[in-house]
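As provided, model-v2.cif (mmCIF, N, CA and C atoms and all ligand atoms) reads as follows.
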data_structure
#
loop_
_atom_site.label_atom_id
_atom_site.label_comp_id
_atom_site.auth_asym_id
_atom_site.auth_seq_id
_atom_site.Cartn_x
_atom_site.Cartn_y
_atom_site.Cartn_z
N MET A 790 -11.45 -3.86 8.45
CA MET A 790 -11.42 -2.40 8.50
C MET A 790 -12.86 -1.87 8.54
N ILE A 791 -13.10 -0.88 9.39
CA ILE A 791 -14.45 -0.36 9.53
C ILE A 791 -14.84 0.45 8.29
N THR A 792 -16.14 0.44 7.98
CA THR A 792 -16.63 1.07 6.76
C THR A 792 -16.24 2.54 6.67
N ALA A 793 -16.41 3.30 7.77
CA ALA A 793 -16.08 4.73 7.72
C ALA A 793 -14.63 4.95 7.33
N ARG A 794 -13.74 4.10 7.83
CA ARG A 794 -12.32 4.26 7.51
C ARG A 794 -12.06 3.92 6.03
N VAL A 795 -12.74 2.90 5.52
CA VAL A 795 -12.60 2.54 4.11
C VAL A 795 -12.92 3.75 3.23
N TRP A 796 -14.04 4.42 3.53
CA TRP A 796 -14.44 5.57 2.71
C TRP A 796 -13.52 6.75 2.91
N ARG A 797 -13.08 6.97 4.15
CA ARG A 797 -12.19 8.11 4.42
C ARG A 797 -10.86 7.94 3.71
N GLU A 798 -10.39 6.69 3.58
CA GLU A 798 -9.07 6.46 3.01
C GLU A 798 -9.11 6.11 1.53
N LYS A 799 -10.31 6.09 0.95
CA LYS A 799 -10.45 5.66 -0.44
C LYS A 799 -9.63 6.54 -1.41
N LYS A 800 -9.82 7.86 -1.33
CA LYS A 800 -9.12 8.75 -2.25
C LYS A 800 -7.60 8.68 -2.09
N PRO A 801 -7.06 8.85 -0.88
CA PRO A 801 -5.60 8.77 -0.76
C PRO A 801 -5.03 7.43 -1.17
N ARG A 802 -5.77 6.34 -0.95
CA ARG A 802 -5.25 5.03 -1.33
C ARG A 802 -5.23 4.87 -2.85
N TYR A 803 -6.25 5.37 -3.53
CA TYR A 803 -6.27 5.24 -4.99
C TYR A 803 -5.26 6.18 -5.64
N LEU A 804 -5.07 7.36 -5.07
CA LEU A 804 -4.16 8.34 -5.66
C LEU A 804 -2.76 8.27 -5.07
N ASN A 805 -2.57 7.34 -4.12
CA ASN A 805 -1.29 7.22 -3.43
C ASN A 805 -0.84 8.56 -2.85
N GLN A 806 -1.73 9.18 -2.09
CA GLN A 806 -1.40 10.44 -1.44
C GLN A 806 -0.85 10.15 -0.05
N ILE A 807 0.21 10.87 0.29
CA ILE A 807 0.74 10.77 1.64
C ILE A 807 0.53 12.09 2.35
N GLY A 808 0.53 12.04 3.65
CA GLY A 808 0.47 13.25 4.46
C GLY A 808 1.85 13.52 5.03
N ARG A 809 2.19 14.81 5.13
CA ARG A 809 3.47 15.19 5.74
C ARG A 809 3.18 16.24 6.81
N CYS A 810 3.65 15.96 8.02
CA CYS A 810 3.44 16.90 9.13
C CYS A 810 4.33 18.12 8.92
N LYS A 811 3.71 19.31 8.94
CA LYS A 811 4.50 20.53 8.78
C LYS A 811 5.33 20.83 10.01
N GLY A 812 4.96 20.24 11.14
CA GLY A 812 5.69 20.49 12.37
C GLY A 812 7.00 19.72 12.46
N CYS A 813 6.95 18.42 12.19
CA CYS A 813 8.14 17.59 12.39
C CYS A 813 8.58 16.85 11.13
N GLY A 814 7.79 16.94 10.05
CA GLY A 814 8.21 16.33 8.79
C GLY A 814 7.87 14.87 8.64
N ARG A 815 7.22 14.27 9.65
CA ARG A 815 6.86 12.85 9.57
C ARG A 815 5.89 12.61 8.42
N LEU A 816 6.04 11.45 7.75
CA LEU A 816 5.19 11.08 6.62
C LEU A 816 4.21 10.00 7.04
N PHE A 817 3.01 10.04 6.47
CA PHE A 817 1.99 9.03 6.77
C PHE A 817 1.33 8.54 5.49
N PHE A 818 1.08 7.26 5.43
CA PHE A 818 0.23 6.72 4.37
C PHE A 818 -0.73 5.73 4.99
N PRO A 819 -2.03 5.97 4.83
CA PRO A 819 -2.65 7.15 4.22
C PRO A 819 -2.50 8.37 5.14
N PRO A 820 -2.78 9.58 4.61
CA PRO A 820 -2.67 10.79 5.43
C PRO A 820 -3.56 10.70 6.66
N ARG A 821 -3.15 11.34 7.73
CA ARG A 821 -3.96 11.39 8.94
C ARG A 821 -4.16 12.83 9.36
N ARG A 822 -5.08 13.04 10.29
CA ARG A 822 -5.42 14.41 10.68
C ARG A 822 -4.52 14.94 11.80
N VAL A 823 -3.96 14.02 12.59
CA VAL A 823 -3.10 14.43 13.69
C VAL A 823 -1.80 13.62 13.60
N CYS A 824 -0.68 14.31 13.71
CA CYS A 824 0.62 13.65 13.66
C CYS A 824 0.81 12.81 14.92
N ASP A 825 1.22 11.54 14.73
CA ASP A 825 1.45 10.71 15.91
C ASP A 825 2.85 10.92 16.48
N GLY A 826 3.62 11.82 15.85
CA GLY A 826 4.93 12.14 16.40
C GLY A 826 4.88 13.34 17.32
N CYS A 827 4.30 14.45 16.82
CA CYS A 827 4.32 15.70 17.60
C CYS A 827 2.92 16.19 17.93
N ARG A 828 1.89 15.44 17.55
CA ARG A 828 0.47 15.79 17.78
C ARG A 828 0.05 17.01 16.96
N GLY A 829 0.87 17.43 16.02
CA GLY A 829 0.54 18.58 15.16
C GLY A 829 -0.66 18.28 14.28
N ARG A 830 -1.38 19.33 13.93
CA ARG A 830 -2.58 19.17 13.10
C ARG A 830 -2.43 19.80 11.72
N GLU A 831 -1.26 20.36 11.43
CA GLU A 831 -1.03 20.91 10.09
C GLU A 831 -0.36 19.83 9.24
N ILE A 832 -1.19 19.15 8.46
CA ILE A 832 -0.73 18.05 7.63
C ILE A 832 -0.95 18.42 6.17
N GLU A 833 0.11 18.42 5.37
CA GLU A 833 -0.04 18.69 3.94
C GLU A 833 -0.09 17.36 3.20
N THR A 834 -0.81 17.36 2.07
CA THR A 834 -0.97 16.15 1.27
C THR A 834 -0.14 16.27 -0.01
N ARG A 835 0.52 15.21 -0.37
CA ARG A 835 1.31 15.20 -1.61
C ARG A 835 1.29 13.79 -2.19
N ALA A 836 1.75 13.68 -3.44
CA ALA A 836 1.79 12.37 -4.10
C ALA A 836 2.98 11.57 -3.58
N MET A 837 2.77 10.29 -3.39
CA MET A 837 3.83 9.41 -2.93
C MET A 837 4.75 9.06 -4.10
N SER A 838 6.02 8.82 -3.82
CA SER A 838 6.94 8.31 -4.83
C SER A 838 6.39 7.01 -5.40
N GLU A 839 6.62 6.76 -6.66
CA GLU A 839 6.14 5.52 -7.28
C GLU A 839 7.18 4.42 -7.23
N THR A 840 8.37 4.74 -6.75
CA THR A 840 9.43 3.73 -6.65
C THR A 840 9.97 3.70 -5.23
N GLY A 841 10.52 2.53 -4.89
CA GLY A 841 11.07 2.38 -3.56
C GLY A 841 11.74 1.02 -3.44
N ARG A 842 11.83 0.52 -2.20
CA ARG A 842 12.50 -0.77 -2.00
C ARG A 842 11.73 -1.58 -0.96
N VAL A 843 11.95 -2.89 -1.00
CA VAL A 843 11.32 -3.79 -0.04
C VAL A 843 12.07 -3.66 1.28
N LEU A 844 11.33 -3.27 2.31
CA LEU A 844 11.92 -3.14 3.65
C LEU A 844 11.88 -4.50 4.36
N THR A 845 10.72 -5.14 4.29
CA THR A 845 10.56 -6.49 4.83
C THR A 845 9.36 -7.13 4.14
N TYR A 846 9.25 -8.44 4.19
CA TYR A 846 8.15 -9.10 3.50
C TYR A 846 7.84 -10.43 4.14
N THR A 847 6.71 -10.98 3.77
CA THR A 847 6.34 -12.33 4.19
C THR A 847 5.64 -13.02 3.03
N ILE A 848 5.70 -14.33 3.02
CA ILE A 848 5.02 -15.11 1.99
C ILE A 848 3.73 -15.66 2.59
N ILE A 849 2.61 -15.35 1.96
CA ILE A 849 1.31 -15.83 2.41
C ILE A 849 1.04 -17.19 1.75
N ARG A 850 0.86 -18.20 2.59
CA ARG A 850 0.58 -19.55 2.07
C ARG A 850 -0.82 -20.01 2.44
N VAL A 851 -1.42 -19.40 3.46
CA VAL A 851 -2.80 -19.68 3.85
C VAL A 851 -3.50 -18.33 3.84
N ALA A 852 -4.32 -18.10 2.81
CA ALA A 852 -4.89 -16.78 2.58
C ALA A 852 -6.37 -16.74 2.95
N PRO A 853 -6.90 -15.52 3.13
CA PRO A 853 -8.35 -15.39 3.27
C PRO A 853 -9.03 -15.92 2.01
N PRO A 854 -10.30 -16.33 2.10
CA PRO A 854 -10.97 -16.94 0.96
C PRO A 854 -10.86 -16.15 -0.35
N ALA A 855 -10.93 -14.83 -0.28
CA ALA A 855 -10.90 -14.01 -1.50
C ALA A 855 -9.58 -14.09 -2.24
N PHE A 856 -8.51 -14.49 -1.54
CA PHE A 856 -7.19 -14.52 -2.15
C PHE A 856 -6.62 -15.94 -2.21
N ALA A 857 -7.45 -16.94 -1.88
CA ALA A 857 -6.97 -18.32 -1.76
C ALA A 857 -6.35 -18.84 -3.06
N GLN A 858 -6.88 -18.40 -4.20
CA GLN A 858 -6.36 -18.92 -5.47
C GLN A 858 -5.02 -18.30 -5.85
N GLU A 859 -4.56 -17.28 -5.10
CA GLU A 859 -3.30 -16.61 -5.43
C GLU A 859 -2.10 -17.15 -4.66
N VAL A 860 -2.32 -18.01 -3.66
CA VAL A 860 -1.19 -18.47 -2.84
C VAL A 860 -0.23 -19.32 -3.66
N PRO A 861 1.07 -19.30 -3.36
CA PRO A 861 1.69 -18.39 -2.41
C PRO A 861 1.91 -17.00 -3.03
N TYR A 862 1.76 -15.98 -2.23
CA TYR A 862 2.06 -14.62 -2.71
C TYR A 862 2.76 -13.83 -1.61
N ALA A 863 3.42 -12.77 -2.01
CA ALA A 863 4.22 -11.98 -1.07
C ALA A 863 3.53 -10.68 -0.73
N VAL A 864 3.58 -10.33 0.54
CA VAL A 864 3.12 -9.03 1.02
C VAL A 864 4.33 -8.36 1.67
N ALA A 865 4.56 -7.10 1.31
CA ALA A 865 5.77 -6.43 1.77
C ALA A 865 5.48 -5.06 2.35
N VAL A 866 6.33 -4.65 3.28
CA VAL A 866 6.39 -3.24 3.69
C VAL A 866 7.42 -2.60 2.78
N LEU A 867 6.99 -1.58 2.05
CA LEU A 867 7.89 -0.87 1.15
C LEU A 867 8.30 0.45 1.78
N GLU A 868 9.53 0.84 1.54
CA GLU A 868 9.95 2.19 1.87
C GLU A 868 10.15 2.90 0.53
N MET A 869 9.30 3.88 0.28
CA MET A 869 9.35 4.57 -0.98
C MET A 869 10.52 5.56 -0.98
N ASP A 870 10.88 6.06 -2.16
CA ASP A 870 12.06 6.93 -2.26
C ASP A 870 11.89 8.23 -1.48
N ASP A 871 10.64 8.64 -1.22
CA ASP A 871 10.43 9.85 -0.42
C ASP A 871 10.38 9.56 1.08
N GLY A 872 10.52 8.28 1.46
CA GLY A 872 10.54 7.93 2.87
C GLY A 872 9.23 7.39 3.40
N ALA A 873 8.14 7.52 2.63
CA ALA A 873 6.85 6.99 3.07
C ALA A 873 6.91 5.46 3.05
N ARG A 874 6.11 4.85 3.92
CA ARG A 874 6.06 3.40 3.96
C ARG A 874 4.65 2.93 3.69
N MET A 875 4.53 1.81 3.01
CA MET A 875 3.22 1.24 2.74
C MET A 875 3.31 -0.28 2.71
N LEU A 876 2.16 -0.91 2.94
CA LEU A 876 2.05 -2.37 2.91
C LEU A 876 1.32 -2.74 1.63
N THR A 877 1.89 -3.62 0.83
CA THR A 877 1.22 -4.01 -0.41
C THR A 877 1.73 -5.37 -0.88
N GLN A 878 1.02 -5.92 -1.84
CA GLN A 878 1.43 -7.19 -2.44
C GLN A 878 2.54 -6.94 -3.45
N VAL A 879 3.48 -7.87 -3.52
CA VAL A 879 4.54 -7.82 -4.53
C VAL A 879 4.22 -8.89 -5.56
N THR A 880 4.21 -8.50 -6.84
CA THR A 880 3.79 -9.43 -7.88
C THR A 880 4.77 -9.38 -9.07
N ASP A 881 4.54 -10.21 -10.06
CA ASP A 881 5.40 -10.33 -11.25
C ASP A 881 6.79 -10.84 -10.90
N VAL A 882 6.92 -11.50 -9.77
CA VAL A 882 8.19 -12.11 -9.37
C VAL A 882 7.85 -13.31 -8.50
N ALA A 883 8.61 -14.40 -8.63
CA ALA A 883 8.37 -15.57 -7.79
C ALA A 883 8.65 -15.20 -6.34
N PRO A 884 7.78 -15.62 -5.42
CA PRO A 884 7.98 -15.23 -4.01
C PRO A 884 9.37 -15.56 -3.48
N GLU A 885 9.96 -16.68 -3.93
CA GLU A 885 11.28 -17.06 -3.43
C GLU A 885 12.40 -16.17 -3.96
N ASP A 886 12.09 -15.35 -4.97
CA ASP A 886 13.11 -14.45 -5.52
C ASP A 886 13.08 -13.05 -4.91
N ILE A 887 12.11 -12.78 -4.04
CA ILE A 887 12.02 -11.47 -3.41
C ILE A 887 13.08 -11.36 -2.31
N ARG A 888 13.72 -10.21 -2.22
CA ARG A 888 14.75 -9.96 -1.22
C ARG A 888 14.50 -8.60 -0.57
N THR A 889 14.93 -8.47 0.68
CA THR A 889 14.88 -7.14 1.29
C THR A 889 15.85 -6.25 0.52
N GLY A 890 15.47 -5.00 0.34
CA GLY A 890 16.29 -4.06 -0.40
C GLY A 890 16.01 -4.05 -1.89
N MET A 891 15.23 -5.02 -2.37
CA MET A 891 14.91 -5.10 -3.80
C MET A 891 14.17 -3.84 -4.27
N ARG A 892 14.57 -3.31 -5.41
CA ARG A 892 13.93 -2.11 -5.97
C ARG A 892 12.58 -2.51 -6.59
N VAL A 893 11.55 -1.70 -6.32
CA VAL A 893 10.21 -1.95 -6.85
C VAL A 893 9.58 -0.64 -7.30
N ARG A 894 8.55 -0.76 -8.11
CA ARG A 894 7.73 0.40 -8.47
C ARG A 894 6.27 -0.02 -8.32
N LEU A 895 5.40 0.96 -8.14
CA LEU A 895 3.98 0.67 -7.95
C LEU A 895 3.26 0.66 -9.28
N GLU A 896 2.36 -0.30 -9.45
CA GLU A 896 1.49 -0.34 -10.62
C GLU A 896 0.06 -0.52 -10.15
N PHE A 897 -0.88 0.03 -10.91
CA PHE A 897 -2.30 -0.08 -10.60
C PHE A 897 -2.80 -1.39 -11.18
N ARG A 898 -3.24 -2.29 -10.31
CA ARG A 898 -3.59 -3.64 -10.73
C ARG A 898 -4.93 -4.07 -10.14
N LYS A 899 -5.45 -5.15 -10.67
CA LYS A 899 -6.66 -5.78 -10.11
C LYS A 899 -6.28 -6.40 -8.77
N ILE A 900 -7.04 -6.10 -7.75
CA ILE A 900 -6.79 -6.67 -6.43
C ILE A 900 -7.65 -7.92 -6.23
N ARG A 901 -8.93 -7.80 -6.49
CA ARG A 901 -9.83 -8.95 -6.32
C ARG A 901 -11.12 -8.71 -7.08
N GLN A 902 -11.85 -9.80 -7.27
CA GLN A 902 -13.16 -9.73 -7.91
C GLN A 902 -14.16 -10.36 -6.95
N HIS A 903 -15.21 -9.59 -6.65
CA HIS A 903 -16.21 -10.09 -5.72
C HIS A 903 -17.03 -11.18 -6.39
N GLY A 904 -17.16 -12.31 -5.73
CA GLY A 904 -17.78 -13.50 -6.29
C GLY A 904 -19.14 -13.31 -6.92
N ARG A 905 -20.11 -12.91 -6.13
CA ARG A 905 -21.48 -12.86 -6.65
C ARG A 905 -21.72 -11.68 -7.56
N THR A 906 -21.17 -10.52 -7.22
CA THR A 906 -21.43 -9.31 -8.00
C THR A 906 -20.50 -9.17 -9.20
N GLY A 907 -19.32 -9.76 -9.12
CA GLY A 907 -18.35 -9.61 -10.20
C GLY A 907 -17.66 -8.27 -10.20
N VAL A 908 -17.91 -7.46 -9.16
CA VAL A 908 -17.27 -6.14 -9.08
C VAL A 908 -15.77 -6.33 -8.86
N ILE A 909 -14.96 -5.65 -9.66
CA ILE A 909 -13.51 -5.77 -9.57
C ILE A 909 -12.97 -4.60 -8.75
N ALA A 910 -12.13 -4.92 -7.77
CA ALA A 910 -11.48 -3.89 -6.96
C ALA A 910 -10.05 -3.73 -7.46
N TYR A 911 -9.64 -2.48 -7.65
CA TYR A 911 -8.27 -2.19 -8.10
C TYR A 911 -7.49 -1.51 -7.00
N GLY A 912 -6.19 -1.59 -7.11
CA GLY A 912 -5.32 -0.92 -6.15
C GLY A 912 -3.88 -1.04 -6.61
N HIS A 913 -2.97 -0.64 -5.77
CA HIS A 913 -1.55 -0.67 -6.15
C HIS A 913 -0.87 -1.94 -5.67
N LYS A 914 -0.04 -2.48 -6.55
CA LYS A 914 0.84 -3.60 -6.20
C LYS A 914 2.24 -3.19 -6.61
N ALA A 915 3.22 -3.81 -5.96
CA ALA A 915 4.61 -3.54 -6.29
C ALA A 915 5.12 -4.59 -7.27
N VAL A 916 5.91 -4.13 -8.24
CA VAL A 916 6.55 -5.03 -9.20
C VAL A 916 8.04 -4.69 -9.23
N PRO A 917 8.89 -5.66 -9.61
CA PRO A 917 10.32 -5.34 -9.68
C PRO A 917 10.58 -4.17 -10.63
N GLU A 918 11.50 -3.28 -10.24
CA GLU A 918 11.78 -2.10 -11.07
C GLU A 918 12.69 -2.47 -12.23
ZN ZN B 1 4.58 15.95 13.53
#
Can you present the structure in this file as structure tokens?
Amino acid sequence: MITARVWREKKPRYLNQIGRCKGCGRLFFPPRRVCDGCRGREIETRAMSETGRVLTYTIIRVAPPAFAQEVPYAVAVLEMDDGARMLTQVTDVAPEDIRTGMRVRLEFRKIRQHGRTGVIAYGHKAVPE
């Protein structure tokens, strides 16, 4: 991900803010400036639901170096109760026990720790509800 996008999306990602197009009602996470449905530019920001369900998922067995010690782990597309969708890791459950349709809630968790600096990055992960 390019640096400018990381900074632009930092606040909505930490606060779980979604955008909703006032023209057609489409939801986006993270919020965007132009609706990809109707090209509308009136986008309101609101908090995303903290609960939802697993829409689809995959088990990561060969991970990037920063996550190599966590394999196997699950990454899922969630559909939140308000209809917003997001991609996140599912944790606190064995990967083989995850099912589509499973109820989950978001929790603020440690995502990774940078090797040399020791800086810890936090974000949201899904856990069974
Ligand atoms: Zn729209």
Handout entry: Spatial neighbours of Thr880 in chain A, 7 Å, only C-alpha atoms, chain gap at least 5 places, as a ChimeraX atom specification
Key = /A:914-916
Cut-off 6.5 Å: closest chain A/ligand ZN 1 (chain B) atom pairs per residue, using all atoms listed in the file, as JSON lines:
{"residue": "A:Cys810", "atom": "CA", "partner": "B:ZN1", "partner_atom": "ZN", "distance": 4.6}
{"residue": "A:Lys811", "atom": "N", "partner": "B:ZN1", "partner_atom": "ZN", "distance": 5.8}
{"residue": "A:Gly812", "atom": "C", "partner": "B:ZN1", "partner_atom": "ZN", "distance": 4.6}
{"residue": "A:Cys813", "atom": "N", "partner": "B:ZN1", "partner_atom": "ZN", "distance": 3.7}
{"residue": "A:Gly814", "atom": "N", "partner": "B:ZN1", "partner_atom": "ZN", "distance": 4.8}
{"residue": "A:Arg815", "atom": "N", "partner": "B:ZN1", "partner_atom": "ZN", "distance": 5.0}
{"residue": "A:Cys824", "atom": "CA", "partner": "B:ZN1", "partner_atom": "ZN", "distance": 4.6}
{"residue": "A:Asp825", "atom": "N", "partner": "B:ZN1", "partner_atom": "ZN", "distance": 5.7}
{"residue": "A:Gly826", "atom": "C", "partner": "B:ZN1", "partner_atom": "ZN", "distance": 4.6}
{"residue": "A:Cys827", "atom": "N", "partner": "B:ZN1", "partner_atom": "ZN", "distance": 3.6}
{"residue": "A:Arg828", "atom": "N", "partner": "B:ZN1", "partner_atom": "ZN", "distance": 4.9}
{"residue": "A:Gly829", "atom": "N", "partner": "B:ZN1", "partner_atom": "ZN", "distance": 4.7}
Problem - CA of Met837 in chain A to CA of Val908 in chain A, straight-line distance in Å - result: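 Separation between CA of Val908 in chain A and CA of Met837 in chain A: 26.9 Å.
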Practice task
State, in Å with one decimal place, the distance from CA of Val823 in chain A to atom N of Arg794 in chain A.
Solution key: 15.9 Å
For range 820-851 of chain A versus range 882-904 of chain A, which residues have an atom no more than 9 Å away, and what is each residue's nearest atom pair and distance in Å rounded to one decimal, using only C-alpha atoms, chain-then-number order, as a Markdown table?
| residue | atom | partner | partner_atom | distance |
| --- | --- | --- | --- | --- |
| A:Ser838 | CA | A:Arg894 | CA | 8.7 |
| A:Glu839 | CA | A:Leu895 | CA | 5.4 |
| A:Thr840 | CA | A:Arg894 | CA | 4.2 |
| A:Gly841 | CA | A:Val893 | CA | 5.5 |
| A:Arg842 | CA | A:Arg892 | CA | 4.4 |
| A:Val843 | CA | A:Gly890 | CA | 5.0 |
| A:Leu844 | CA | A:Thr889 | CA | 5.5 |
| A:Thr845 | CA | A:Thr889 | CA | 5.6 |
| A:Tyr846 | CA | A:Thr889 | CA | 7.3 |
| A:Thr847 | CA | A:Pro884 | CA | 8.9 |
| A:Ile848 | CA | A:Pro884 | CA | 6.7 |
Practice task
DSSP on the backbone, then: every residue of chain A marked strand (DSSP E or B), written as an NGL selection string.
Solution key: :A and (806-810 or 816-817 or 832-836 or 840-849 or 862-869 or 874-879 or 892-902 or 909-917)
Problem - Test item: which residues lie within 6.5 Å of (5.8, -7.0, 2.1) counting all atoms listed in the file, as a ChimeraX atom specification - result: /A:845-847,863-867,876-879
Handout entry: Protein, DNA and RNA residues within 8 Å of (3.6, 9.1, -2.7), all atoms listed in the file, as a list in words
Key = Leu804, Asn805, Gln806, Ile807, Gly808, Arg835, Ala836, Met837, Ser838, Glu839, Thr840, Met869, Asp870, Asp871 and Ala873 of chain A
Exercise for the section: Measure the distance from atom N of Arg850 in chain A to CA of Glu868 in chain A in Å and round it to one decimal. Expected result: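 Taking atom N of Arg850 in chain A as the start and CA of Glu868 in chain A as the end point, the length is 22.3 Å.
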Would you compute, for all listed atoms of range 868-880 of chain A, the axis-aligned bounding box grown by 4 Å on each side, and then report its centre and edge lengths in Å rounded to one decimal, as JSON?
{"center_x": 6.5, "center_y": 0.2, "center_z": -2.6, "size_x": 19.0, "size_y": 27.3, "size_z": 21.0}
Exercise for the section: Based on DSSP run over this structure's backbone, return all residues of chain A in helix (DSSP H, G or I), as a list in words. Expected result: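 DSSP on the backbone gives helix (DSSP H, G or I) at Thr792, Ala793, Arg794, Val795, Trp796, Arg797, Glu798, Lys799, Lys800, Pro801, Arg802, Tyr803, Leu804, Pro854, Ala855, Phe856, Ala857, Gln858, Glu859, Pro884, Glu885 and Asp886 of chain A.
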Can range 846-859 of chain A be brought up to N, CA, C and O atoms and written out as a PDB file, in the frame of the given file?
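Saved result, rebuild-v5.pdb, follows:
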ATOM      1  N   TYR A 846       9.250  -8.440   4.190  1.00  0.00           N
ATOM      2  CA  TYR A 846       8.150  -9.100   3.500  1.00  0.00           C
ATOM      3  C   TYR A 846       7.840 -10.430   4.140  1.00  0.00           C
ATOM      4  O   TYR A 846       8.623 -10.940   4.951  1.00  0.00           O
ATOM      5  N   THR A 847       6.710 -10.980   3.770  1.00  0.00           N
ATOM      6  CA  THR A 847       6.340 -12.330   4.190  1.00  0.00           C
ATOM      7  C   THR A 847       5.640 -13.020   3.030  1.00  0.00           C
ATOM      8  O   THR A 847       5.086 -12.359   2.149  1.00  0.00           O
ATOM      9  N   ILE A 848       5.700 -14.330   3.020  1.00  0.00           N
ATOM     10  CA  ILE A 848       5.020 -15.110   1.990  1.00  0.00           C
ATOM     11  C   ILE A 848       3.730 -15.660   2.590  1.00  0.00           C
ATOM     12  O   ILE A 848       3.771 -16.343   3.611  1.00  0.00           O
ATOM     13  N   ILE A 849       2.610 -15.350   1.960  1.00  0.00           N
ATOM     14  CA  ILE A 849       1.310 -15.830   2.410  1.00  0.00           C
ATOM     15  C   ILE A 849       1.040 -17.190   1.750  1.00  0.00           C
ATOM     16  O   ILE A 849       1.003 -17.288   0.530  1.00  0.00           O
ATOM     17  N   ARG A 850       0.860 -18.200   2.590  1.00  0.00           N
ATOM     18  CA  ARG A 850       0.580 -19.550   2.070  1.00  0.00           C
ATOM     19  C   ARG A 850      -0.820 -20.010   2.440  1.00  0.00           C
ATOM     20  O   ARG A 850      -1.348 -20.935   1.835  1.00  0.00           O
ATOM     21  N   VAL A 851      -1.420 -19.400   3.460  1.00  0.00           N
ATOM     22  CA  VAL A 851      -2.800 -19.680   3.850  1.00  0.00           C
ATOM     23  C   VAL A 851      -3.500 -18.330   3.840  1.00  0.00           C
ATOM     24  O   VAL A 851      -3.280 -17.488   4.703  1.00  0.00           O
ATOM     25  N   ALA A 852      -4.320 -18.100   2.810  1.00  0.00           N
ATOM     26  CA  ALA A 852      -4.890 -16.780   2.580  1.00  0.00           C
ATOM     27  C   ALA A 852      -6.370 -16.740   2.950  1.00  0.00           C
ATOM     28  O   ALA A 852      -7.023 -17.776   3.044  1.00  0.00           O
ATOM     29  N   PRO A 853      -6.900 -15.520   3.130  1.00  0.00           N
ATOM     30  CA  PRO A 853      -8.350 -15.390   3.270  1.00  0.00           C
ATOM     31  C   PRO A 853      -9.030 -15.920   2.010  1.00  0.00           C
ATOM     32  O   PRO A 853      -8.405 -15.957   0.938  1.00  0.00           O
ATOM     33  N   PRO A 854     -10.300 -16.330   2.100  1.00  0.00           N
ATOM     34  CA  PRO A 854     -10.970 -16.940   0.960  1.00  0.00           C
ATOM     35  C   PRO A 854     -10.860 -16.150  -0.350  1.00  0.00           C
ATOM     36  O   PRO A 854     -10.658 -16.727  -1.418  1.00  0.00           O
ATOM     37  N   ALA A 855     -10.930 -14.830  -0.280  1.00  0.00           N
ATOM     38  CA  ALA A 855     -10.900 -14.010  -1.500  1.00  0.00           C
ATOM     39  C   ALA A 855      -9.580 -14.090  -2.240  1.00  0.00           C
ATOM     40  O   ALA A 855      -9.500 -13.806  -3.433  1.00  0.00           O
ATOM     41  N   PHE A 856      -8.510 -14.490  -1.540  1.00  0.00           N
ATOM     42  CA  PHE A 856      -7.190 -14.520  -2.150  1.00  0.00           C
ATOM     43  C   PHE A 856      -6.620 -15.940  -2.210  1.00  0.00           C
ATOM     44  O   PHE A 856      -5.454 -16.134  -2.552  1.00  0.00           O
ATOM     45  N   ALA A 857      -7.450 -16.940  -1.880  1.00  0.00           N
ATOM     46  CA  ALA A 857      -6.970 -18.320  -1.760  1.00  0.00           C
ATOM     47  C   ALA A 857      -6.350 -18.840  -3.060  1.00  0.00           C
ATOM     48  O   ALA A 857      -5.384 -19.585  -3.033  1.00  0.00           O
ATOM     49  N   GLN A 858      -6.880 -18.400  -4.200  1.00  0.00           N
ATOM     50  CA  GLN A 858      -6.360 -18.920  -5.470  1.00  0.00           C
ATOM     51  C   GLN A 858      -5.020 -18.300  -5.850  1.00  0.00           C
ATOM     52  O   GLN A 858      -4.389 -18.725  -6.804  1.00  0.00           O
ATOM     53  N   GLU A 859      -4.560 -17.280  -5.100  1.00  0.00           N
ATOM     54  CA  GLU A 859      -3.300 -16.610  -5.430  1.00  0.00           C
ATOM     55  C   GLU A 859      -2.100 -17.150  -4.660  1.00  0.00           C
ATOM     56  O   GLU A 859      -0.974 -16.756  -4.930  1.00  0.00           O
TER      57      GLU A 859
END
